[in-house]
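So this block is protein_31.tsv, TSV, C-alpha atoms:
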chain	number	residue	atom	x	y	z
A	27	MET	CA	-47.25	70.21	-6.36
A	28	GLN	CA	-45.36	67.10	-7.52
A	29	ILE	CA	-44.19	66.99	-11.15
A	30	TYR	CA	-42.25	63.97	-12.40
A	31	LEU	CA	-40.18	64.75	-15.50
A	32	ASP	CA	-37.69	61.88	-15.56
A	33	TYR	CA	-39.47	59.36	-17.78
A	34	SER	CA	-36.21	58.37	-19.48
A	35	ALA	CA	-35.01	57.02	-16.12
A	36	THR	CA	-38.17	55.03	-15.50
A	37	THR	CA	-41.90	55.21	-16.09
A	38	PRO	CA	-44.66	54.45	-13.58
A	39	THR	CA	-46.09	50.98	-14.04
A	40	ARG	CA	-49.46	51.31	-15.70
A	41	LYS	CA	-52.53	49.93	-13.99
A	42	GLU	CA	-53.24	47.39	-16.75
A	43	ALA	CA	-49.81	45.83	-16.24
A	44	ILE	CA	-50.25	45.79	-12.47
A	45	ALA	CA	-53.62	44.09	-12.85
A	46	VAL	CA	-52.27	41.26	-14.98
A	47	MET	CA	-49.30	40.80	-12.63
A	48	GLN	CA	-51.63	40.43	-9.67
A	49	THR	CA	-53.59	37.78	-11.55
A	50	ILE	CA	-50.43	35.83	-12.41
A	51	LEU	CA	-49.12	36.01	-8.84
A	52	THR	CA	-52.33	34.60	-7.40
A	53	GLN	CA	-53.62	32.30	-10.13
A	54	GLN	CA	-50.94	31.39	-12.70
A	55	TRP	CA	-47.80	31.12	-10.62
A	56	GLY	CA	-46.49	27.83	-11.99
A	57	ASN	CA	-43.02	27.16	-13.37
A	58	PRO	CA	-43.32	27.50	-17.17
A	59	SER	CA	-40.84	24.65	-17.67
A	60	SER	CA	-43.09	22.18	-15.85
A	61	LEU	CA	-45.18	19.82	-17.98
A	62	HIS	CA	-48.25	19.70	-15.75
A	63	GLU	CA	-51.24	22.03	-15.95
A	64	TRP	CA	-49.85	24.63	-13.56
A	65	GLY	CA	-46.65	24.87	-15.55
A	66	GLN	CA	-48.41	25.00	-18.89
A	67	ARG	CA	-50.67	27.84	-17.73
A	68	ALA	CA	-47.56	29.83	-16.84
A	69	ALA	CA	-45.90	28.91	-20.14
A	70	THR	CA	-48.93	30.23	-22.01
A	71	VAL	CA	-48.59	33.54	-20.18
A	72	VAL	CA	-44.94	33.85	-21.20
A	73	GLU	CA	-45.67	33.02	-24.83
A	74	GLN	CA	-48.54	35.53	-24.93
A	75	ALA	CA	-46.17	38.22	-23.65
A	76	ARG	CA	-43.63	37.19	-26.29
A	77	VAL	CA	-46.24	37.80	-28.98
A	78	GLN	CA	-47.09	41.19	-27.48
A	79	VAL	CA	-43.48	42.36	-27.28
A	80	ALA	CA	-42.80	41.09	-30.81
A	81	GLY	CA	-45.76	43.16	-31.98
A	82	LEU	CA	-44.24	46.37	-30.61
A	83	ILE	CA	-41.33	46.12	-33.06
A	84	ASN	CA	-43.15	44.06	-35.75
A	85	ALA	CA	-40.92	41.02	-35.33
A	86	ALA	CA	-41.87	38.31	-37.82
A	87	THR	CA	-41.74	35.52	-35.23
A	88	PRO	CA	-42.35	35.75	-31.46
A	89	GLU	CA	-39.47	33.32	-30.93
A	90	SER	CA	-37.07	36.10	-31.92
A	91	ILE	CA	-37.83	37.76	-28.56
A	92	VAL	CA	-35.56	36.61	-25.71
A	93	PHE	CA	-36.64	37.81	-22.27
A	94	THR	CA	-33.92	39.18	-19.99
A	95	SER	CA	-33.73	40.98	-16.66
A	96	GLY	CA	-33.68	44.36	-18.42
A	97	GLY	CA	-32.00	46.50	-21.05
A	98	THR	CA	-28.55	46.08	-19.52
A	99	GLU	CA	-28.66	42.30	-19.74
A	100	ALA	CA	-30.07	42.54	-23.26
A	101	ASP	CA	-27.10	44.73	-24.28
A	102	ASN	CA	-24.67	42.36	-22.59
A	103	LEU	CA	-26.20	39.34	-24.28
A	104	ALA	CA	-25.93	41.03	-27.67
A	105	ILE	CA	-22.27	42.01	-27.26
A	106	MET	CA	-20.93	39.08	-25.28
A	107	GLY	CA	-23.20	36.58	-26.98
A	108	VAL	CA	-21.51	37.39	-30.28
A	109	ALA	CA	-18.01	37.74	-28.85
A	110	ARG	CA	-18.08	34.34	-27.15
A	111	LEU	CA	-18.60	32.68	-30.52
A	112	TYR	CA	-14.98	33.46	-31.42
A	113	ALA	CA	-11.95	31.67	-30.01
A	114	VAL	CA	-9.70	34.49	-31.25
A	115	PRO	CA	-10.44	38.18	-30.51
A	116	GLN	CA	-11.92	40.10	-33.43
A	117	HIS	CA	-12.88	43.74	-34.13
A	118	LEU	CA	-16.07	45.54	-33.18
A	119	ILE	CA	-17.37	49.09	-33.52
A	120	ILE	CA	-19.47	51.23	-31.19
A	121	SER	CA	-20.20	54.93	-30.98
A	122	SER	CA	-18.63	57.25	-28.41
A	123	VAL	CA	-22.09	58.00	-26.94
A	124	GLU	CA	-23.25	54.51	-26.01
A	125	HIS	CA	-25.01	53.63	-22.77
A	126	SER	CA	-22.63	52.23	-20.16
A	127	ALA	CA	-24.23	48.80	-20.61
A	128	ILE	CA	-22.47	48.78	-23.99
A	129	SER	CA	-19.35	50.86	-23.33
A	130	GLU	CA	-18.36	49.00	-20.15
A	131	THR	CA	-19.00	45.60	-21.70
A	132	VAL	CA	-16.83	46.53	-24.66
A	133	ARG	CA	-14.11	47.80	-22.31
A	134	LEU	CA	-13.99	44.30	-20.81
A	135	LEU	CA	-13.59	42.77	-24.27
A	136	GLU	CA	-10.67	45.11	-24.91
A	137	MET	CA	-8.97	43.68	-21.83
A	138	TRP	CA	-9.35	40.26	-23.44
A	139	GLY	CA	-7.64	41.37	-26.64
A	140	TRP	CA	-10.52	42.56	-28.79
A	141	GLU	CA	-9.94	45.57	-31.03
A	142	VAL	CA	-12.54	48.30	-30.60
A	143	THR	CA	-13.26	51.36	-32.71
A	144	ARG	CA	-15.29	54.11	-31.05
A	145	LEU	CA	-16.85	56.33	-33.67
A	146	SER	CA	-16.75	60.03	-32.91
A	147	VAL	CA	-19.93	62.11	-33.10
A	148	ASP	CA	-20.62	65.70	-34.08
A	149	ILE	CA	-21.78	68.45	-31.72
A	150	LYS	CA	-25.33	67.10	-32.05
A	151	GLY	CA	-24.25	63.63	-31.00
A	152	ARG	CA	-24.76	62.01	-34.41
A	153	VAL	CA	-22.58	59.36	-36.02
A	154	ASN	CA	-21.45	60.08	-39.57
A	155	PRO	CA	-22.27	57.05	-41.75
A	156	LEU	CA	-19.09	57.68	-43.75
A	157	ASP	CA	-17.06	57.27	-40.56
A	158	LEU	CA	-18.69	53.90	-39.97
A	159	LYS	CA	-17.95	52.79	-43.52
A	160	ALA	CA	-14.30	53.78	-43.15
A	161	ALA	CA	-13.96	52.00	-39.79
A	162	LEU	CA	-15.12	48.57	-41.01
A	163	ARG	CA	-12.38	45.95	-41.29
A	164	HIS	CA	-12.13	42.45	-42.65
A	165	ASN	CA	-12.47	41.09	-39.09
A	166	THR	CA	-15.27	43.39	-37.93
A	167	VAL	CA	-17.91	41.01	-36.59
A	168	LEU	CA	-20.25	43.37	-34.74
A	169	VAL	CA	-21.34	47.03	-34.78
A	170	SER	CA	-23.46	48.47	-31.96
A	171	ILE	CA	-24.93	51.97	-32.27
A	172	ILE	CA	-27.50	53.34	-29.82
A	173	TYR	CA	-30.90	54.16	-31.36
A	174	GLY	CA	-31.83	57.16	-29.21
A	175	GLN	CA	-29.26	58.60	-26.81
A	176	SER	CA	-30.71	58.69	-23.30
A	177	GLU	CA	-28.85	61.77	-22.06
A	178	VAL	CA	-29.11	64.16	-25.04
A	179	GLY	CA	-31.98	62.63	-27.01
A	180	THR	CA	-30.31	62.37	-30.41
A	181	VAL	CA	-31.72	59.70	-32.72
A	182	GLN	CA	-29.12	58.05	-34.92
A	183	PRO	CA	-29.66	57.22	-38.64
A	184	ILE	CA	-30.07	53.55	-37.76
A	185	ALA	CA	-31.49	52.47	-41.12
A	186	GLU	CA	-28.57	54.00	-43.04
A	187	LEU	CA	-25.98	52.66	-40.59
A	188	GLY	CA	-27.55	49.22	-40.66
A	189	LYS	CA	-27.40	49.05	-44.46
A	190	ILE	CA	-23.68	49.79	-44.37
A	191	VAL	CA	-23.05	47.08	-41.79
A	192	ARG	CA	-25.21	44.52	-43.57
A	193	ALA	CA	-23.45	45.15	-46.88
A	194	HIS	CA	-20.14	44.48	-45.13
A	195	GLY	CA	-21.40	41.22	-43.68
A	196	ALA	CA	-21.09	42.07	-39.97
A	197	LEU	CA	-23.86	41.92	-37.37
A	198	PHE	CA	-25.62	45.11	-36.30
A	199	HIS	CA	-27.02	45.73	-32.83
A	200	THR	CA	-28.90	48.76	-31.55
A	201	ASP	CA	-29.92	49.69	-28.03
A	202	ALA	CA	-33.51	50.83	-28.59
A	203	VAL	CA	-34.42	51.10	-24.91
A	204	GLN	CA	-35.28	54.81	-25.16
A	205	ALA	CA	-36.83	54.64	-28.62
A	206	ALA	CA	-39.20	51.68	-28.36
A	207	GLY	CA	-42.76	52.69	-27.57
A	208	ARG	CA	-41.97	56.30	-28.53
A	209	LEU	CA	-40.90	55.87	-32.15
A	210	PRO	CA	-42.23	53.32	-34.65
A	211	ILE	CA	-39.81	50.41	-35.03
A	212	ASP	CA	-40.21	47.72	-37.68
A	213	VAL	CA	-37.43	45.13	-37.51
A	214	GLN	CA	-38.70	43.52	-40.70
A	215	GLN	CA	-37.76	46.71	-42.54
A	216	LEU	CA	-34.91	47.95	-40.34
A	217	PRO	CA	-31.53	46.31	-41.13
A	218	VAL	CA	-30.76	45.25	-37.56
A	219	ASP	CA	-29.81	41.82	-36.30
A	220	LEU	CA	-30.08	42.49	-32.56
A	221	LEU	CA	-32.18	45.07	-30.70
A	222	SER	CA	-32.47	45.73	-26.96
A	223	LEU	CA	-35.69	46.62	-25.12
A	224	SER	CA	-36.66	47.46	-21.54
A	225	SER	CA	-40.03	47.12	-19.87
A	226	HIS	CA	-39.83	49.96	-17.37
A	227	LYS	CA	-39.26	52.56	-20.09
A	228	ILE	CA	-42.72	51.85	-21.54
A	229	TYR	CA	-44.82	51.71	-18.33
A	230	GLY	CA	-44.13	48.08	-17.62
A	231	PRO	CA	-42.52	46.69	-14.44
A	232	GLN	CA	-38.84	47.02	-13.61
A	233	GLY	CA	-36.64	43.94	-13.79
A	234	VAL	CA	-37.52	42.65	-17.25
A	235	GLY	CA	-36.39	43.43	-20.78
A	236	ALA	CA	-35.82	41.65	-24.05
A	237	LEU	CA	-33.34	41.14	-26.85
A	238	TYR	CA	-34.65	40.79	-30.38
A	239	VAL	CA	-32.54	38.24	-32.25
A	240	ARG	CA	-33.11	38.11	-35.99
A	241	PRO	CA	-33.85	34.54	-37.10
A	242	GLY	CA	-30.64	32.87	-38.24
A	243	VAL	CA	-28.33	34.93	-36.00
A	244	ASP	CA	-26.21	32.83	-33.65
A	245	LEU	CA	-25.42	33.85	-30.07
A	246	MET	CA	-23.79	32.06	-27.16
A	247	SER	CA	-25.70	32.14	-23.90
A	248	LEU	CA	-24.19	34.00	-20.96
A	249	LEU	CA	-25.93	31.80	-18.38
A	250	SER	CA	-25.60	28.03	-18.07
A	251	GLY	CA	-28.56	26.08	-16.79
A	252	GLY	CA	-31.86	24.73	-17.98
A	253	GLY	CA	-31.76	26.26	-21.45
A	254	GLN	CA	-34.84	28.46	-21.17
A	255	GLU	CA	-35.54	31.22	-23.71
A	256	MET	CA	-34.54	29.17	-26.74
A	257	GLY	CA	-31.32	28.23	-24.98
A	258	LEU	CA	-30.14	31.85	-24.83
A	259	ARG	CA	-31.12	32.79	-21.27
A	260	SER	CA	-31.22	29.98	-18.74
A	261	GLY	CA	-33.20	30.42	-15.55
A	262	THR	CA	-36.86	30.18	-14.62
A	263	GLN	CA	-38.71	33.03	-16.31
A	264	ALA	CA	-40.15	35.78	-14.10
A	265	VAL	CA	-43.69	35.11	-15.27
A	266	PRO	CA	-45.55	37.97	-13.52
A	267	ILE	CA	-43.29	40.77	-14.70
A	268	ILE	CA	-42.93	39.25	-18.16
A	269	ALA	CA	-46.74	39.35	-18.37
A	270	GLY	CA	-46.71	42.99	-17.27
A	271	PHE	CA	-44.10	43.77	-19.92
A	272	GLY	CA	-46.29	42.15	-22.56
A	273	VAL	CA	-49.33	44.22	-21.63
A	274	ALA	CA	-47.29	47.43	-21.56
A	275	ALA	CA	-45.78	46.64	-24.97
A	276	GLU	CA	-49.17	45.94	-26.53
A	277	LEU	CA	-50.66	49.16	-25.18
A	278	ALA	CA	-47.61	51.19	-26.20
A	279	ALA	CA	-48.02	49.95	-29.76
A	280	GLN	CA	-51.71	50.87	-29.75
A	281	GLU	CA	-51.07	54.37	-28.38
A	282	LEU	CA	-48.02	55.22	-30.45
A	283	ALA	CA	-49.88	57.12	-33.18
A	284	THR	CA	-51.49	59.51	-30.71
A	285	GLU	CA	-48.96	59.71	-27.88
A	286	THR	CA	-45.87	60.43	-29.96
A	287	PRO	CA	-47.25	63.61	-31.60
A	288	ARG	CA	-48.46	64.81	-28.19
A	289	LEU	CA	-45.01	64.29	-26.70
A	290	ILE	CA	-43.39	66.14	-29.59
A	291	GLU	CA	-45.65	69.13	-28.93
A	292	LEU	CA	-44.67	69.13	-25.27
A	293	ARG	CA	-41.01	68.80	-26.16
A	294	ASP	CA	-41.10	71.71	-28.59
A	295	ARG	CA	-43.00	73.84	-26.10
A	296	ALA	CA	-40.34	73.20	-23.47
A	297	PHE	CA	-37.48	73.98	-25.84
A	298	ALA	CA	-39.14	77.23	-26.89
A	299	GLN	CA	-39.51	78.40	-23.30
A	300	LEU	CA	-36.12	77.22	-22.11
A	301	SER	CA	-34.40	79.00	-24.98
A	302	GLU	CA	-35.45	82.27	-23.34
A	303	ILE	CA	-33.19	81.59	-20.36
A	304	PRO	CA	-29.63	82.97	-20.68
A	305	GLY	CA	-26.93	80.53	-19.72
A	306	LEU	CA	-28.88	77.47	-20.90
A	307	ILE	CA	-28.12	75.97	-24.30
A	308	PRO	CA	-29.80	72.96	-25.92
A	309	THR	CA	-27.81	69.75	-26.33
A	310	GLY	CA	-28.32	66.99	-28.85
A	311	ASP	CA	-30.10	67.17	-32.18
A	312	VAL	CA	-33.21	69.29	-31.74
A	313	CYS	CA	-34.84	67.81	-34.89
A	314	ASP	CA	-33.73	64.16	-35.07
A	315	ARG	CA	-34.63	63.57	-31.47
A	316	LEU	CA	-36.59	61.35	-29.13
A	317	PRO	CA	-40.12	62.79	-28.96
A	318	HIS	CA	-40.28	63.00	-25.17
A	319	HIS	CA	-36.80	64.38	-24.56
A	320	VAL	CA	-35.37	67.82	-23.72
A	321	SER	CA	-31.76	68.37	-22.68
A	322	MET	CA	-29.91	71.56	-21.90
A	323	CYS	CA	-26.48	72.57	-20.70
A	324	LEU	CA	-25.30	75.32	-18.35
A	325	GLU	CA	-22.64	77.37	-20.11
A	326	ASN	CA	-21.19	78.56	-16.81
A	327	ALA	CA	-21.26	75.42	-14.71
A	328	ASP	CA	-18.38	75.28	-12.26
A	329	GLY	CA	-19.08	72.00	-10.50
A	330	GLU	CA	-19.23	73.51	-7.02
A	331	LYS	CA	-21.72	76.34	-6.93
A	332	LEU	CA	-23.60	75.66	-10.15
A	333	SER	CA	-23.94	72.36	-12.02
A	334	GLY	CA	-26.57	70.09	-13.46
A	335	LYS	CA	-26.67	68.26	-10.14
A	336	THR	CA	-27.31	71.56	-8.38
A	337	LEU	CA	-30.35	72.20	-10.55
A	338	VAL	CA	-31.65	68.67	-9.95
A	339	ARG	CA	-31.46	69.19	-6.20
A	340	GLN	CA	-33.04	72.64	-6.34
A	341	LEU	CA	-35.95	71.48	-8.51
A	342	ASN	CA	-36.42	68.47	-6.29
A	343	LEU	CA	-36.94	70.84	-3.34
A	344	ALA	CA	-39.70	72.42	-5.44
A	345	GLY	CA	-41.32	69.02	-6.04
A	346	ILE	CA	-40.03	68.58	-9.59
A	347	GLY	CA	-38.05	65.55	-10.71
A	348	ILE	CA	-35.50	65.92	-13.53
A	349	SER	CA	-32.10	64.37	-14.23
A	350	ALA	CA	-28.48	65.47	-14.71
A	351	GLY	CA	-25.77	64.02	-16.89
A	352	ALA	CA	-22.72	64.53	-14.69
A	353	ALA	CA	-21.84	61.81	-12.18
A	354	CYS	CA	-20.71	62.07	-8.57
A	355	HIS	CA	-17.99	59.62	-7.52
A	356	SER	CA	-16.61	59.71	-3.97
A	357	GLY	CA	-17.91	63.22	-3.46
A	358	LYS	CA	-16.26	64.58	-6.61
A	359	LEU	CA	-18.39	65.69	-9.53
A	360	SER	CA	-17.30	64.31	-12.91
A	361	PRO	CA	-18.30	65.81	-16.27
A	362	SER	CA	-20.68	63.90	-18.51
A	363	PRO	CA	-18.70	61.59	-20.83
A	364	ILE	CA	-21.46	61.96	-23.41
A	365	LEU	CA	-21.15	65.75	-23.56
A	366	LEU	CA	-17.36	65.47	-23.62
A	367	ALA	CA	-17.59	63.08	-26.57
A	368	MET	CA	-19.80	65.62	-28.34
A	369	GLY	CA	-17.12	68.30	-28.01
A	370	TYR	CA	-18.31	70.26	-24.97
A	371	SER	CA	-15.79	71.63	-22.50
A	372	GLU	CA	-15.38	69.98	-19.12
A	373	LYS	CA	-17.02	73.00	-17.53
A	374	ALA	CA	-20.08	72.79	-19.75
A	375	ALA	CA	-20.19	69.00	-19.37
A	376	LEU	CA	-20.78	69.47	-15.65
A	377	GLY	CA	-23.95	71.41	-16.39
A	378	GLY	CA	-26.10	69.02	-18.38
A	379	ILE	CA	-29.74	68.49	-17.42
A	380	ARG	CA	-32.41	66.23	-18.89
A	381	ILE	CA	-36.17	66.78	-18.77
A	382	THR	CA	-38.27	63.94	-20.15
A	383	PHE	CA	-42.03	63.63	-20.50
A	384	GLY	CA	-44.61	60.89	-20.33
A	385	ARG	CA	-48.28	59.96	-20.37
A	386	ASP	CA	-49.16	62.14	-17.37
A	387	THR	CA	-47.22	65.25	-18.42
A	388	THR	CA	-49.25	68.36	-19.25
A	389	GLU	CA	-48.50	71.78	-20.70
A	390	ALA	CA	-49.06	73.22	-17.24
A	391	ASP	CA	-46.32	70.96	-15.88
A	392	ILE	CA	-43.88	72.36	-18.41
A	393	ASP	CA	-44.86	75.98	-17.83
A	394	TRP	CA	-44.50	75.60	-14.07
A	395	THR	CA	-41.16	73.81	-14.36
A	396	VAL	CA	-39.70	76.49	-16.62
A	397	MET	CA	-40.87	79.20	-14.22
A	398	VAL	CA	-39.25	77.42	-11.26
A	399	LEU	CA	-36.06	76.85	-13.22
A	400	LYS	CA	-35.87	80.55	-14.06
A	401	GLN	CA	-36.29	81.43	-10.39
A	402	VAL	CA	-33.60	78.96	-9.34
A	403	LEU	CA	-31.11	80.30	-11.86
A	404	GLN	CA	-31.90	83.86	-10.96
A	405	ARG	CA	-31.20	83.08	-7.32
A	406	LEU	CA	-28.01	81.13	-8.02
A	407	THR	CA	-26.70	83.46	-10.73
A	408	PRO	CA	-28.07	86.94	-9.96
A	409	TYR	CA	-25.78	88.47	-12.53
A	410	LEU	CA	-27.81	86.87	-15.31
A	411	SER	CA	-30.70	88.87	-16.73
A	412	LEU	CA	-33.47	86.38	-17.42
A	413	VAL	CA	-34.57	87.91	-20.72
A	414	LYS	CA	-34.01	86.71	-24.24
A	415	ARG	CA	-30.57	87.59	-25.48

Kindly return the structure encoded in the file as structure tokens.
Amino acid sequence: MQIYLDYSATTPTRKEAIAVMQTILTQQWGNPSSLHEWGQRAATVVEQARVQVAGLINAATPESIVFTSGGTEADNLAIMGVARLYAVPQHLIISSVEHSAISETVRLLEMWGWEVTRLSVDIKGRVNPLDLKAALRHNTVLVSIIYGQSEVGTVQPIAELGKIVRAHGALFHTDAVQAAGRLPIDVQQLPVDLLSLSSHKIYGPQGVGALYVRPGVDLMSLLSGGGQEMGLRSGTQAVPIIAGFGVAAELAAQELATETPRLIELRDRAFAQLSEIPGLIPTGDVCDRLPHHVSMCLENADGEKLSGKTLVRQLNLAGIGISAGAACHSGKLSPSPILLAMGYSEKAALGGIRITFGRDTTEADIDWTVMVLKQVLQRLTPYLSLVKR
């Protein structure tokens, strides 16, 4: 039995996206910047995909969608694209639970003299809007808060945070890579100026993403060249995978009303069963949470005999794919910075696991995974009685 439960890492490319990519590769392979018929056919494909991706987040104009190589480049373009507008370093704000595509980019800006405020979060991983309000300065030019945290699943109060930033006059960016296609997003109603997306999180191909740029917002391109993508992302567009992204985005929008409630039911079923296992505690906000996301933490992780990585390896041997939050560098296990930021001990932060669901996940998959996990823990920690405390 093979059970894939790591949909937050990547999703399998859906057959409809593969089909359109095959068509583009064999029939519409022109350079979209060329003026002849071959080029214009390819340009039409790109613009159709732009419309489809814009539809996923209800962007008013397709031209507000800038195609990138993925969510990481979209995050970098948002942060650095704003920063490069200023000759003198300014102030920006992020949360302490951002994806590394944000946190590492901001760390580089700090080296260049920028002032950075990292907002603390509570034990559920949520930013307090009052903390954001207090952190704003006269020279705050950008705030970036992740929409749905990939490791612990917490969904931030983006609408409330965005209103605070907009009232101050700064720009507001959110990394919506995990939320798009799983939660309804309407950028015409949501007070965001910049929003990052990724194709392979919504059953599109890897290697393509997008940055939504609200009309009227200025950015400086990170790449010099031919001025493609409204001058914000030079380089010949990857037409086949952009087309696949467009198809995946359109289908995700169509299926949102039925798929999201189904995922929430699976999520709640998993939490209910996992709560019966001593030594495992839920992480993140169980209510304000990504619909497909379950995360737990081992209370007694020690990094050598029992950790989140240990459970990942053990479940993999049983044909089940999940994820862990701790990282392994040069053979040494490091605690999850996200769990540390949320107030967990270093020991507990070594024991984080993430189980995420998708279109092919069934109740039977969850039941089997929980049973295997119980057996693994019983074998690794025989002193634990696997009954409800």

Using only C-alpha atoms, find each residue in stretch 272-340 of chain A having at least one atom no more than 12 Å away from stretch 35-43 of chain A; report its shortest atom-to-atom pair and that distance in Å (one decimal), rows by chain then rising number, as CSV.
residue,atom,partner,partner_atom,distance
A:Gly272,CA,A:Ala43,CA,8.1
A:Val273,CA,A:Ala43,CA,5.6
A:Ala274,CA,A:Ala43,CA,6.1
A:Ala275,CA,A:Ala43,CA,9.6
A:Glu276,CA,A:Ala43,CA,10.3
A:Leu277,CA,A:Glu42,CA,9.0
A:Ala278,CA,A:Arg40,CA,10.7
A:His319,CA,A:Ala35,CA,11.3

Given the choices A:Ala104, A:Arg339, A:Gln299, A:Ile268, which gets closest to A:Val243 if the distance is worked out from only C-alpha atoms?
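Smallest distance to A:Val243 is found for A:Ala104.
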
With 12 Å as the cut-off and only C-alpha atoms counted, what is the closest atom pair between each nearby residue of stretch 92-126 of chain A and stretch 357-371 of chain A? Distances in Å to one decimal, ordered by chain and number, as a Markdown table.
| residue | atom | partner | partner_atom | distance |
| --- | --- | --- | --- | --- |
| A:Ser121 | CA | A:Ala367 | CA | 9.6 |
| A:Ser122 | CA | A:Ala367 | CA | 6.2 |
| A:Val123 | CA | A:Ile364 | CA | 5.3 |
| A:Glu124 | CA | A:Ile364 | CA | 8.1 |
| A:His125 | CA | A:Ile364 | CA | 9.1 |
| A:Ser126 | CA | A:Pro363 | CA | 10.2 |

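For the pair atom CA of A:Ile307 and atom CA of A:Ile172, the interatomic distance is 23.3 Å.
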
Option closest in space to A:Gly179, from A:Ser146, A:Ile120, A:Leu51, A:Gly351 [counting all atoms listed in the file]:
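Nearest to A:Gly179: A:Gly351.
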
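Distance annotation: of A:Leu145, A:Thr52, A:Glu372, A:Asn84, the residue with the minimal separation from A:Trp64 is A:Thr52; atom set is all atoms listed in the file.
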
For a test of reading the model, state the distance in Å between atom CA of A:Gln232 and atom CA of A:Thr98, rounded to one decimal.
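Atom CA of A:Gln232 sits 11.9 Å away from atom CA of A:Thr98.
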
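Atom CA of A:Arg144 lies 23.5 Å from atom CA of A:Val312.
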
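Of the residues listed (A:Ala344, A:Ala185, A:Val178, A:Val213), A:Val178 shows the shortest atom-to-atom separation from A:Cys323; distances use all atoms listed in the file.
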
Nearest residue to A:Met397 out of A:Val114, A:Val132, A:Ala45, A:Ala296, using only C-alpha atoms?
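Among A:Val114, A:Val132, A:Ala45, A:Ala296, it is A:Ala296 that comes nearest to A:Met397.
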
Write out as an MDAnalysis selection string the residues lying within 12 Å of stretch 250-263 of chain A, counting only C-alpha atoms and excluding same-chain residues fewer than 6 positions away.
chainID A and resid 55:60 65 68:69 71:73 75:76 88:95 99:100 102:104 106:108 233:239 241 243:244 269

Which is closer to A:Ala374 than all the others in A:Leu209, A:Met322, A:Leu399, A:Ala161, using only C-alpha atoms?
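Closest to A:Ala374, using only C-alpha atoms: A:Met322.
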
I'd like the neighbourhood of stretch 400-403 of chain A as JSON, numbers by chain, where a residue qualifies if any of its atoms comes within 12 Å (using only C-alpha atoms), though same-chain residues fewer than 4 positions away should be ignored.
{"A": [299, 300, 301, 302, 303, 304, 305, 306, 324, 326, 327, 331, 332, 333, 334, 336, 337, 338, 339, 340, 341, 342, 343, 344, 393, 394, 395, 396, 407, 408, 409, 410, 411, 412, 413]}

File of the preceding selection, C-alpha atoms, as a PDB file, in the frame of the given file:
ATOM      1  CA  GLN A 299     -39.510  78.400 -23.300  1.00  0.00           C
ATOM      2  CA  LEU A 300     -36.120  77.220 -22.110  1.00  0.00           C
ATOM      3  CA  SER A 301     -34.400  79.000 -24.980  1.00  0.00           C
ATOM      4  CA  GLU A 302     -35.450  82.270 -23.340  1.00  0.00           C
ATOM      5  CA  ILE A 303     -33.190  81.590 -20.360  1.00  0.00           C
ATOM      6  CA  PRO A 304     -29.630  82.970 -20.680  1.00  0.00           C
ATOM      7  CA  GLY A 305     -26.930  80.530 -19.720  1.00  0.00           C
ATOM      8  CA  LEU A 306     -28.880  77.470 -20.900  1.00  0.00           C
ATOM      9  CA  LEU A 324     -25.300  75.320 -18.350  1.00  0.00           C
ATOM     10  CA  ASN A 326     -21.190  78.560 -16.810  1.00  0.00           C
ATOM     11  CA  ALA A 327     -21.260  75.420 -14.710  1.00  0.00           C
ATOM     12  CA  LYS A 331     -21.720  76.340  -6.930  1.00  0.00           C
ATOM     13  CA  LEU A 332     -23.600  75.660 -10.150  1.00  0.00           C
ATOM     14  CA  SER A 333     -23.940  72.360 -12.020  1.00  0.00           C
ATOM     15  CA  GLY A 334     -26.570  70.090 -13.460  1.00  0.00           C
ATOM     16  CA  THR A 336     -27.310  71.560  -8.380  1.00  0.00           C
ATOM     17  CA  LEU A 337     -30.350  72.200 -10.550  1.00  0.00           C
ATOM     18  CA  VAL A 338     -31.650  68.670  -9.950  1.00  0.00           C
ATOM     19  CA  ARG A 339     -31.460  69.190  -6.200  1.00  0.00           C
ATOM     20  CA  GLN A 340     -33.040  72.640  -6.340  1.00  0.00           C
ATOM     21  CA  LEU A 341     -35.950  71.480  -8.510  1.00  0.00           C
ATOM     22  CA  ASN A 342     -36.420  68.470  -6.290  1.00  0.00           C
ATOM     23  CA  LEU A 343     -36.940  70.840  -3.340  1.00  0.00           C
ATOM     24  CA  ALA A 344     -39.700  72.420  -5.440  1.00  0.00           C
ATOM     25  CA  ASP A 393     -44.860  75.980 -17.830  1.00  0.00           C
ATOM     26  CA  TRP A 394     -44.500  75.600 -14.070  1.00  0.00           C
ATOM     27  CA  THR A 395     -41.160  73.810 -14.360  1.00  0.00           C
ATOM     28  CA  VAL A 396     -39.700  76.490 -16.620  1.00  0.00           C
ATOM     29  CA  THR A 407     -26.700  83.460 -10.730  1.00  0.00           C
ATOM     30  CA  PRO A 408     -28.070  86.940  -9.960  1.00  0.00           C
ATOM     31  CA  TYR A 409     -25.780  88.470 -12.530  1.00  0.00           C
ATOM     32  CA  LEU A 410     -27.810  86.870 -15.310  1.00  0.00           C
ATOM     33  CA  SER A 411     -30.700  88.870 -16.730  1.00  0.00           C
ATOM     34  CA  LEU A 412     -33.470  86.380 -17.420  1.00  0.00           C
ATOM     35  CA  VAL A 413     -34.570  87.910 -20.720  1.00  0.00           C
TER      36      VAL A 413
END

Env of stretch 279-285 of chain A: 9 Å cut, atoms = all atoms listed in the file, seq-sep filter 3 positions within chain, self excluded. Answer as a list of chain:residue names.
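Non-adjacent residues within range: A:Gly81, A:Leu82, A:Ile83, A:Gly207, A:Arg208, A:Leu209, A:Pro210, A:Ala274, A:Ala275, A:Glu276, A:Arg288, A:Leu289, A:Ile290, A:Gly384, A:Arg385.
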
Find the residues around A:Phe198 up to 10 Å (all atoms listed in the file counted), leave out those fewer than 5 positions away in its own chain, and share them as a list of chain:residue names.
A:Ala104, A:Ile119, A:Val167, A:Leu168, A:Val169, A:Ser170, A:Ile171, A:Ile184, A:Leu187, A:Gly188, A:Lys189, A:Ile190, A:Val191, A:Arg192, A:Pro217, A:Val218, A:Asp219, A:Leu220, A:Leu221
